Amino acid sequence: MATAKEDKSQGNWYPASGGKEEIFTTRTGRRLLYCWQPLTGKHAYLDVGTDIILSDEEAQAALGMS
């Protein structure tokens with residue numbers, strides 16, 4: 001079970017570029033949205049089909065870069 005401190009580090013994700021990012025389909029057929037987490041300053045891709053934030057490695061594979 002996550003502690004309250006850990007939960008706070010997992011703030012909300014928002015579309016990047018001031019909310020202007022749009023969902024796109026990758027070469028591998030996944031639908032992604034580039035997002036930003038203001039609490040941590042991190043950027044990442046959200047797989048809109050699974051509602052899961054991708055790791056850097058997963059994002060590179062989804063984008064056909066690996």
# chains A, B, ... in the order shown; residues from 1 in each chain; ligands from 1

call {"tool": "residues_around", "arguments": {"residues": "range 44-54 of chain A", "least_positions_apart": "3", "cutoff": "12 Å", "atoms": "only C-alpha atoms", "output": "ChimeraX atom specification"}}
result
/A:10,12-16,21-26,29-38,40-41,57-63

call {"tool": "select_by_dssp", "arguments": {"residues": "chain A", "states": "strand (DSSP E or B)", "output": "PyMOL selection string"}}
result
chain A and resi 14-15+24-25+31-37+42-47+52-53

call {"tool": "select_by_dssp", "arguments": {"residues": "chain A", "states": "helix (DSSP H, G or I)", "output": "PyMOL selection string"}}
result
chain A and resi 4-8+16-19+56-62

call {"tool": "write_last_selection", "arguments": {"atoms": "C-alpha atoms", "output": "PDB file, in the first residue's frame"}}
result
ATOM      1  CA  ALA A   4       0.434   9.497   1.540  1.00  0.00           C
ATOM      2  CA  LYS A   5       3.866  10.915   0.677  1.00  0.00           C
ATOM      3  CA  GLU A   6       4.190   8.556  -2.313  1.00  0.00           C
ATOM      4  CA  ASP A   7       0.665   9.402  -3.479  1.00  0.00           C
ATOM      5  CA  LYS A   8       1.485  13.138  -3.515  1.00  0.00           C
ATOM      6  CA  ALA A  16       1.706  18.982 -22.639  1.00  0.00           C
ATOM      7  CA  SER A  17       2.296  22.275 -24.467  1.00  0.00           C
ATOM      8  CA  GLY A  18      -0.216  24.122 -22.334  1.00  0.00           C
ATOM      9  CA  GLY A  19      -2.928  21.573 -23.102  1.00  0.00           C
ATOM     10  CA  ASP A  56      10.930   5.889 -21.589  1.00  0.00           C
ATOM     11  CA  GLU A  57      11.746   2.425 -22.957  1.00  0.00           C
ATOM     12  CA  GLU A  58       8.088   1.623 -23.638  1.00  0.00           C
ATOM     13  CA  ALA A  59       7.603   4.981 -25.363  1.00  0.00           C
ATOM     14  CA  GLN A  60      10.626   4.425 -27.617  1.00  0.00           C
ATOM     15  CA  ALA A  61       9.302   0.994 -28.600  1.00  0.00           C
ATOM     16  CA  ALA A  62       5.779   2.388 -29.230  1.00  0.00           C
TER      17      ALA A  62
END

call {"tool": "decode", "arguments": {"residues": "range 9-22 of chain A", "atoms": "all heavy atoms", "output": "compact mmCIF listing (two decimals), in the first residue's frame"}}
result
# COMPACT_ATOMS: atom_id res chain seq x y z
N SER A 9 3.46 12.38 -4.73
CA SER A 9 4.46 12.46 -5.79
C SER A 9 3.89 11.98 -7.12
O SER A 9 4.54 12.11 -8.15
CB SER A 9 5.71 11.66 -5.43
OG SER A 9 5.43 10.27 -5.48
N GLN A 10 2.71 11.45 -7.09
CA GLN A 10 2.07 10.95 -8.31
C GLN A 10 0.92 11.87 -8.70
O GLN A 10 -0.21 11.46 -8.83
CB GLN A 10 1.56 9.52 -8.09
CG GLN A 10 2.64 8.52 -7.80
CD GLN A 10 3.65 8.42 -8.92
OE1 GLN A 10 3.29 8.41 -10.09
NE2 GLN A 10 4.91 8.37 -8.59
N GLY A 11 1.24 13.14 -8.90
CA GLY A 11 0.22 14.13 -9.23
C GLY A 11 -0.44 13.87 -10.56
O GLY A 11 -0.07 12.95 -11.30
N ASN A 12 -1.40 14.69 -10.89
CA ASN A 12 -2.15 14.55 -12.14
C ASN A 12 -1.28 14.82 -13.35
O ASN A 12 -0.35 15.63 -13.31
CB ASN A 12 -3.33 15.52 -12.15
CG ASN A 12 -4.36 15.17 -11.10
OD1 ASN A 12 -4.55 14.01 -10.76
ND2 ASN A 12 -5.00 16.18 -10.57
N TRP A 13 -1.61 14.16 -14.45
CA TRP A 13 -0.96 14.37 -15.73
C TRP A 13 -1.90 15.19 -16.62
O TRP A 13 -3.10 14.97 -16.62
CB TRP A 13 -0.65 13.04 -16.41
CG TRP A 13 0.43 12.28 -15.74
CD1 TRP A 13 0.31 11.37 -14.73
CD2 TRP A 13 1.83 12.35 -16.01
NE1 TRP A 13 1.53 10.89 -14.37
CE2 TRP A 13 2.49 11.46 -15.14
CE3 TRP A 13 2.59 13.09 -16.91
CZ2 TRP A 13 3.87 11.30 -15.14
CZ3 TRP A 13 3.97 12.91 -16.92
CH2 TRP A 13 4.59 12.02 -16.04
N TYR A 14 -1.32 16.11 -17.39
CA TYR A 14 -2.09 16.97 -18.28
C TYR A 14 -1.46 16.95 -19.66
O TYR A 14 -0.24 16.77 -19.79
CB TYR A 14 -2.08 18.42 -17.76
CG TYR A 14 -2.68 18.55 -16.39
CD1 TYR A 14 -1.89 18.51 -15.25
CD2 TYR A 14 -4.05 18.68 -16.23
CE1 TYR A 14 -2.44 18.62 -13.98
CE2 TYR A 14 -4.62 18.79 -14.97
CZ TYR A 14 -3.81 18.75 -13.85
OH TYR A 14 -4.36 18.84 -12.61
N PRO A 15 -2.26 17.18 -20.73
CA PRO A 15 -1.65 17.29 -22.06
C PRO A 15 -0.56 18.37 -22.04
O PRO A 15 -0.76 19.44 -21.49
CB PRO A 15 -2.82 17.68 -22.95
CG PRO A 15 -4.03 17.13 -22.24
CD PRO A 15 -3.70 17.30 -20.78
N ALA A 16 0.57 18.06 -22.62
CA ALA A 16 1.71 18.98 -22.64
C ALA A 16 1.43 20.17 -23.57
O ALA A 16 0.38 20.24 -24.21
CB ALA A 16 2.97 18.24 -23.06
N SER A 17 2.37 21.06 -23.63
CA SER A 17 2.30 22.27 -24.47
C SER A 17 1.10 23.14 -24.10
O SER A 17 0.37 23.61 -24.97
CB SER A 17 2.24 21.90 -25.95
OG SER A 17 3.39 21.17 -26.31
N GLY A 18 0.89 23.29 -22.79
CA GLY A 18 -0.22 24.12 -22.33
C GLY A 18 -1.58 23.56 -22.67
O GLY A 18 -2.53 24.30 -22.86
N GLY A 19 -1.66 22.24 -22.79
CA GLY A 19 -2.93 21.57 -23.10
C GLY A 19 -3.21 21.43 -24.58
O GLY A 19 -4.28 20.97 -24.97
N LYS A 20 -2.24 21.80 -25.42
CA LYS A 20 -2.46 21.78 -26.87
C LYS A 20 -2.09 20.46 -27.54
O LYS A 20 -2.40 20.26 -28.71
CB LYS A 20 -1.70 22.92 -27.53
CG LYS A 20 -2.22 24.27 -27.10
CD LYS A 20 -1.46 25.40 -27.73
CE LYS A 20 -2.03 26.71 -27.21
NZ LYS A 20 -1.24 27.84 -27.60
N GLU A 21 -1.42 19.57 -26.81
CA GLU A 21 -1.07 18.27 -27.40
C GLU A 21 -2.33 17.50 -27.73
O GLU A 21 -3.35 17.60 -27.04
CB GLU A 21 -0.22 17.45 -26.44
CG GLU A 21 1.19 17.95 -26.28
CD GLU A 21 2.05 17.78 -27.52
OE1 GLU A 21 1.83 16.83 -28.31
OE2 GLU A 21 2.96 18.60 -27.70
N GLU A 22 -2.27 16.72 -28.80
CA GLU A 22 -3.41 15.92 -29.23
C GLU A 22 -3.01 14.46 -29.33
O GLU A 22 -1.83 14.14 -29.54
CB GLU A 22 -3.92 16.41 -30.58
CG GLU A 22 -4.49 17.82 -30.51
CD GLU A 22 -5.10 18.27 -31.82
OE1 GLU A 22 -5.30 17.43 -32.72
OE2 GLU A 22 -5.39 19.47 -31.93
